[in-house]
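Some notes on the structure that comes next.
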Amino acid sequence: MKKGSGYPIPWRGALAGPRKGKVVKLFIVAGEPSGDMHATELVHALKAKSPDIDVYSAGGPELAACSTQVADLASLAVTGFLEVISYLPTIIRMFNHIVAEVEKIDPDVVVFTDYPDFNFRLAKRLAKPGRKLVYFISPQLWAWRKGRLKLVKKFIDKMLVIFPFEEAFYRENGVEAAFVGNPLVNTIPAMKEISAGDAPRRILLLPGSRTKEVKSNLPTMCDAKLRMEGRIDAEFSVLKHPSLDPALFECAHEAGIRVFEGNPHQEFQSTDLAIACSGTVTFELALSGVPTVVLYRMSPVTYHIAKTLVRVDAISIPNLILKHHVFPELIQDAASPEGIAEEALSILNNPERLAEIRQELARFRTLVKAFDADYAAREVFSLVET
């Protein structure tokens, strides 16, 4: 029985036969552009440690360049319920194709990268005696959908996690885990210094990268900007994802807000405060030392369901890591134009509060660490070494 799992899996444990002690073949799955990039870095580290390893993949173009790719998962990069439904036959065919290819290859280790809805189903199909399963970049099971912990305990031999609190969460729940660092730390510049007296202040709006998010958040952000006029000397900008329809940003133009496309991390370096839709971007903003007002809005039905499922005290990763609300979080009705404007002004017009936030963000940078691909590779190999 796998320790702590509560599930009888007699074939889990040390590898038997000729595979014992060395990974000969590895299969890695990454279904999104970011996962493709991070999985590729892991593959390079695995090959550096064991040049003779054969690596196969289902992923995007970066994995294709460093492995033998049997399936292009980049073609399945769809979002939204209706899109998923229309693509369902294609997704099922791709899923079955990957299962068939893995069974032909018969790898020693399979690494699943993020992409939980697809990867958890795949893990159930690919588990077999003598094969180790690793999950790289955990879904947020610590926040909700904790029922999936049963799947992790039953099928996954090791979690490679990117947030420090995740390692303790999994170990406390009987799952082997290793904190391997966060790939974003490797790419985002260290925190900048901005004088508290600089004017005009630069305020960055980040409504999201999907059409639905922009429709939900940007008009409210624009109204908040109008409510701040005359109360602070500030210039406003909004980041537009290249794939989005420019018409979505008409309200920003009407409110006198600059709309731009480009590298957000460069923009962060000259930003005094951000107003951002909750997501990975809040982690990036914290790394860059940008004080941020976090918004989280959803349909009323979804919100009431989520309230019964979510078991954490904060919604943004920086607040979870720092263990208190450094970034104010405005959820649902609180994410109003008035609420946003008051929080933003409270930070920018209060030098003491601004200094405290920046001090905490400096501490945040010491609590996270850069992704260590070599360490992650050692953790993978440790599963099969004698």
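To be explicit about the labels: the chains of the structure tokens are called A, B, and onward in the order shown, and within each one the residues are counted from 1, while ligands get numbers from 1 in the order they are shown.
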
message = Which residues are near region 352-365 of chain A? Cut-off 6 Å, only C-alpha atoms, ignore same chain within fewer than 3 positions. Put them as an MDAnalysis selection string.
response = chainID A and resid 286 289 347 368

| query | Would you give me, as a PyMOL selection string, the residues in region 214-383 of chain A that DSSP reads as alpha helix (DSSP H)? | reply | chain A and resi 214-228+250-254+264-268+280-288+300-309+317-322+337-348+351-367+373-382

Might you pull out every residue within 10 Å of Asp313 (chain A), with only C-alpha atoms counted and same-chain residues fewer than 5 positions away left off, and present them as a CSV table (one decimal) with N, CA and C atoms, in the first residue's frame?
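Okay, this is what ended up in selection-v4.csv:
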```
chain,number,residue,atom,x,y,z
A,143,ALA,N,-6.9,25.1,-2.5
A,143,ALA,CA,-7.9,26.1,-2.4
A,143,ALA,C,-9.3,25.5,-2.6
A,319,ASN,N,-0.7,36.9,-1.1
A,319,ASN,CA,-1.3,37.0,0.2
A,319,ASN,C,-1.2,35.6,0.9
A,320,LEU,N,-1.3,34.5,0.2
A,320,LEU,CA,-1.2,33.2,0.7
A,320,LEU,C,0.2,32.9,1.2
A,323,LYS,N,0.9,35.2,4.1
A,323,LYS,CA,0.1,34.8,5.2
A,323,LYS,C,-0.7,36.0,5.8
A,324,HIS,N,-0.9,37.0,5.1
A,324,HIS,CA,-1.8,38.1,5.4
A,324,HIS,C,-2.1,38.9,4.2
A,325,HIS,N,-3.1,39.8,4.3
A,325,HIS,CA,-3.5,40.5,3.1
A,325,HIS,C,-2.7,41.8,2.8
```

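CA of Lys158 (chain A) is positioned 5.0 Å from CA of Val134 (chain A).
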
Could you make a table, as CSV, of the residues of region 166-206 of chain A that have an atom within 9 Å of an atom of region 223-240 of chain A, each with its nearest atom pair and distance in Å to one decimal, counting only C-alpha atoms, in chain and number order?
```
residue,atom,partner,partner_atom,distance
A:Ala199,CA,A:Asp233,CA,6.5
A:Pro200,CA,A:Ala234,CA,4.7
A:Arg201,CA,A:Ala234,CA,4.4
A:Arg202,CA,A:Glu235,CA,5.0
A:Ile203,CA,A:Phe236,CA,4.9
A:Leu204,CA,A:Ser237,CA,5.0
A:Leu205,CA,A:Val238,CA,4.5
A:Leu206,CA,A:Leu239,CA,5.8
```

Kindly export the residues of the current selection with N, CA and C atoms, as a CSV table (one decimal), in the first residue's frame.
```csv
chain,number,residue,atom,x,y,z
A,199,ALA,N,5.6,62.1,-9.4
A,199,ALA,CA,4.3,62.5,-10.0
A,199,ALA,C,4.5,62.8,-11.4
A,200,PRO,N,3.5,62.5,-12.3
A,200,PRO,CA,2.3,61.8,-11.9
A,200,PRO,C,2.5,60.3,-11.6
A,201,ARG,N,1.6,59.7,-10.8
A,201,ARG,CA,1.7,58.3,-10.5
A,201,ARG,C,1.2,57.5,-11.7
A,202,ARG,N,1.8,56.3,-11.9
A,202,ARG,CA,1.5,55.5,-13.0
A,202,ARG,C,0.7,54.3,-12.5
A,203,ILE,N,-0.6,54.2,-13.0
A,203,ILE,CA,-1.5,53.1,-12.5
A,203,ILE,C,-1.8,52.2,-13.7
A,204,LEU,N,-1.5,50.9,-13.5
A,204,LEU,CA,-1.7,49.9,-14.6
A,204,LEU,C,-3.0,49.1,-14.3
A,205,LEU,N,-3.8,49.0,-15.3
A,205,LEU,CA,-5.0,48.2,-15.2
A,205,LEU,C,-4.8,46.8,-16.0
A,206,LEU,N,-5.1,45.8,-15.3
A,206,LEU,CA,-4.9,44.4,-15.8
A,206,LEU,C,-6.2,43.7,-15.7
```

What lies within 7 Å of Pro207 (chain A) using only C-alpha atoms, ignoring chain neighbours under 2 positions off, as a PyMOL selection string? chain A and resi 205+213-214+217-218+276-277

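Atom pair CA of Pro33 (chain A) / CA of Glu250 (chain A) has a distance of 28.4 Å (rounded to one decimal).
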
Just asking: which residues within region 109-210 of chain A are strand (DSSP E) according to DSSP, as JSON, numbers by chain? {"A": [109, 110, 111, 112, 113, 132, 133, 134, 135, 136, 158, 159, 160, 161, 177, 178, 179, 201, 202, 203, 204, 205, 206]}

Restricted to N, CA and C atoms, what would the selected residues look like written as a PDB file, in the first residue's frame?
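Writing the result to result_0.pdb gives the following:
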```
ATOM      1  N   VAL A 109       8.879   6.612 -16.643  1.00  0.00           N
ATOM      2  CA  VAL A 109       8.290   7.724 -15.893  1.00  0.00           C
ATOM      3  C   VAL A 109       7.426   8.551 -16.841  1.00  0.00           C
ATOM      4  N   VAL A 110       6.256   8.973 -16.342  1.00  0.00           N
ATOM      5  CA  VAL A 110       5.417   9.937 -17.063  1.00  0.00           C
ATOM      6  C   VAL A 110       5.313  11.187 -16.196  1.00  0.00           C
ATOM      7  N   VAL A 111       5.598  12.339 -16.797  1.00  0.00           N
ATOM      8  CA  VAL A 111       5.503  13.623 -16.096  1.00  0.00           C
ATOM      9  C   VAL A 111       4.334  14.406 -16.682  1.00  0.00           C
ATOM     10  N   PHE A 112       3.391  14.785 -15.834  1.00  0.00           N
ATOM     11  CA  PHE A 112       2.242  15.593 -16.242  1.00  0.00           C
ATOM     12  C   PHE A 112       2.492  17.041 -15.805  1.00  0.00           C
ATOM     13  N   THR A 113       2.325  17.992 -16.728  1.00  0.00           N
ATOM     14  CA  THR A 113       2.582  19.397 -16.423  1.00  0.00           C
ATOM     15  C   THR A 113       1.274  20.185 -16.429  1.00  0.00           C
ATOM     16  N   LYS A 132       6.357   5.064 -12.953  1.00  0.00           N
ATOM     17  CA  LYS A 132       6.206   6.132 -11.984  1.00  0.00           C
ATOM     18  C   LYS A 132       5.524   7.336 -12.637  1.00  0.00           C
ATOM     19  N   LEU A 133       4.628   7.965 -11.885  1.00  0.00           N
ATOM     20  CA  LEU A 133       3.887   9.125 -12.372  1.00  0.00           C
ATOM     21  C   LEU A 133       4.235  10.343 -11.521  1.00  0.00           C
ATOM     22  N   VAL A 134       4.629  11.431 -12.193  1.00  0.00           N
ATOM     23  CA  VAL A 134       5.046  12.668 -11.534  1.00  0.00           C
ATOM     24  C   VAL A 134       4.155  13.803 -12.025  1.00  0.00           C
ATOM     25  N   TYR A 135       3.768  14.704 -11.119  1.00  0.00           N
ATOM     26  CA  TYR A 135       2.951  15.862 -11.509  1.00  0.00           C
ATOM     27  C   TYR A 135       3.761  17.128 -11.244  1.00  0.00           C
ATOM     28  N   PHE A 136       3.973  17.909 -12.296  1.00  0.00           N
ATOM     29  CA  PHE A 136       4.769  19.136 -12.226  1.00  0.00           C
ATOM     30  C   PHE A 136       3.841  20.339 -12.398  1.00  0.00           C
ATOM     31  N   LYS A 158       4.842  11.482  -7.094  1.00  0.00           N
ATOM     32  CA  LYS A 158       5.494  12.670  -6.540  1.00  0.00           C
ATOM     33  C   LYS A 158       4.939  13.925  -7.205  1.00  0.00           C
ATOM     34  N   MET A 159       4.697  14.959  -6.386  1.00  0.00           N
ATOM     35  CA  MET A 159       4.311  16.279  -6.873  1.00  0.00           C
ATOM     36  C   MET A 159       5.541  17.176  -6.867  1.00  0.00           C
ATOM     37  N   LEU A 160       5.812  17.840  -7.997  1.00  0.00           N
ATOM     38  CA  LEU A 160       6.841  18.867  -8.069  1.00  0.00           C
ATOM     39  C   LEU A 160       6.122  20.208  -8.055  1.00  0.00           C
ATOM     40  N   VAL A 161       6.176  20.924  -6.930  1.00  0.00           N
ATOM     41  CA  VAL A 161       5.323  22.093  -6.731  1.00  0.00           C
ATOM     42  C   VAL A 161       6.134  23.378  -6.829  1.00  0.00           C
ATOM     43  N   ALA A 177       6.081  15.191  -2.003  1.00  0.00           N
ATOM     44  CA  ALA A 177       6.142  16.445  -2.756  1.00  0.00           C
ATOM     45  C   ALA A 177       7.487  17.113  -2.554  1.00  0.00           C
ATOM     46  N   ALA A 178       7.884  17.900  -3.560  1.00  0.00           N
ATOM     47  CA  ALA A 178       9.129  18.666  -3.483  1.00  0.00           C
ATOM     48  C   ALA A 178       8.882  20.050  -4.061  1.00  0.00           C
ATOM     49  N   PHE A 179       9.275  21.075  -3.305  1.00  0.00           N
ATOM     50  CA  PHE A 179       9.183  22.455  -3.781  1.00  0.00           C
ATOM     51  C   PHE A 179      10.404  22.732  -4.657  1.00  0.00           C
ATOM     52  N   ARG A 201       1.624  59.739 -10.787  1.00  0.00           N
ATOM     53  CA  ARG A 201       1.692  58.314 -10.484  1.00  0.00           C
ATOM     54  C   ARG A 201       1.243  57.521 -11.719  1.00  0.00           C
ATOM     55  N   ARG A 202       1.834  56.344 -11.888  1.00  0.00           N
ATOM     56  CA  ARG A 202       1.479  55.485 -13.013  1.00  0.00           C
ATOM     57  C   ARG A 202       0.682  54.292 -12.500  1.00  0.00           C
ATOM     58  N   ILE A 203      -0.559  54.202 -12.959  1.00  0.00           N
ATOM     59  CA  ILE A 203      -1.466  53.147 -12.516  1.00  0.00           C
ATOM     60  C   ILE A 203      -1.767  52.240 -13.708  1.00  0.00           C
ATOM     61  N   LEU A 204      -1.549  50.935 -13.511  1.00  0.00           N
ATOM     62  CA  LEU A 204      -1.714  49.944 -14.574  1.00  0.00           C
ATOM     63  C   LEU A 204      -2.959  49.100 -14.318  1.00  0.00           C
ATOM     64  N   LEU A 205      -3.817  48.997 -15.325  1.00  0.00           N
ATOM     65  CA  LEU A 205      -5.023  48.174 -15.233  1.00  0.00           C
ATOM     66  C   LEU A 205      -4.778  46.850 -15.951  1.00  0.00           C
ATOM     67  N   LEU A 206      -5.086  45.756 -15.274  1.00  0.00           N
ATOM     68  CA  LEU A 206      -4.887  44.414 -15.835  1.00  0.00           C
ATOM     69  C   LEU A 206      -6.206  43.657 -15.713  1.00  0.00           C
TER      70      LEU A 206
END
```

For region 330-336 of chain A, work out the shell of residues within 7 Å, counting only C-alpha atoms and skipping chain neighbours fewer than 3 positions away, then give it as a CSV table (one decimal) with C-alpha atoms, in the first residue's frame.
```csv
chain,number,residue,atom,x,y,z
A,220,THR,CA,-15.6,48.8,-13.7
A,294,VAL,CA,-6.8,42.6,-6.6
A,295,LEU,CA,-10.3,42.0,-8.1
A,296,TYR,CA,-12.2,38.8,-8.3
A,297,ARG,CA,-15.7,38.7,-9.9
A,298,MET,CA,-17.9,35.9,-11.2
A,339,GLY,CA,-14.3,50.3,-3.8
A,340,ILE,CA,-11.4,50.1,-6.3
```

Computed gap from CA of Gly174 (chain A) to CA of Ala377 (chain A) is 21.9 Å

*Near Val24 (chain A), counting only C-alpha atoms, which residues have an atom at most 7 Å away, once you skip same-chain residues fewer than 5 positions from it, shown as a PyMOL selection string?*
chain A and resi 53-54+108

Option closest in space to Glu329 (chain A), from A:Val70, A:Met221, A:Ala48, A:Val293 [counting only C-alpha atoms]: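 Residue with the minimum atom-to-atom distance to Glu329 (chain A): A:Val293.
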
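Taking only C-alpha atoms, the non-local environment of region 182-184 of chain A within 10 Å (same-chain residues fewer than 2 positions away omitted) comprises Ser34, Met37, His38, Glu41, Ile137, Val161, Ile162, Phe163, Pro164, Phe179, Val180, Asn186, Thr187, Ile188, Pro189, Thr280, Phe283, Glu284, Leu287, Val368, Lys369, Ala370, Phe371, Asp372 and Ala373 of chain A.
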
Dump as a CSV table (one decimal), in the first residue's frame, selection limited to C-alpha atoms:
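Saved result, again.csv, follows:
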```
chain,number,residue,atom,x,y,z
A,34,SER,CA,3.4,28.1,-20.3
A,37,MET,CA,8.0,26.2,-21.8
A,38,HIS,CA,8.5,25.0,-18.3
A,41,GLU,CA,13.4,23.4,-19.2
A,137,ILE,CA,3.0,22.5,-11.4
A,161,VAL,CA,5.3,22.1,-6.7
A,162,ILE,CA,6.1,25.8,-7.4
A,163,PHE,CA,4.8,27.5,-4.3
A,164,PRO,CA,6.4,27.0,-0.9
A,179,PHE,CA,9.2,22.5,-3.8
A,180,VAL,CA,11.3,23.0,-6.9
A,186,ASN,CA,13.7,33.2,-13.2
A,187,THR,CA,12.3,35.7,-15.7
A,188,ILE,CA,10.9,38.6,-13.8
A,189,PRO,CA,13.4,41.4,-12.8
A,280,THR,CA,-1.0,34.5,-12.0
A,283,PHE,CA,2.3,36.8,-8.4
A,284,GLU,CA,4.3,38.5,-11.2
A,287,LEU,CA,7.8,39.8,-7.7
A,368,VAL,CA,9.9,32.3,-3.1
A,369,LYS,CA,12.8,30.8,-5.1
A,370,ALA,CA,13.7,30.4,-8.8
A,371,PHE,CA,12.8,27.2,-10.5
A,372,ASP,CA,15.7,24.8,-10.1
A,373,ALA,CA,15.5,22.5,-13.0
```

Next on the checklist: When you count only C-alpha atoms, which of these residues is closest to Lys150 (chain A): A:Ala168, A:Leu63, A:Met94, A:Val175?
Outcome noted: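 The closest residue to Lys150 (chain A) is A:Val175.
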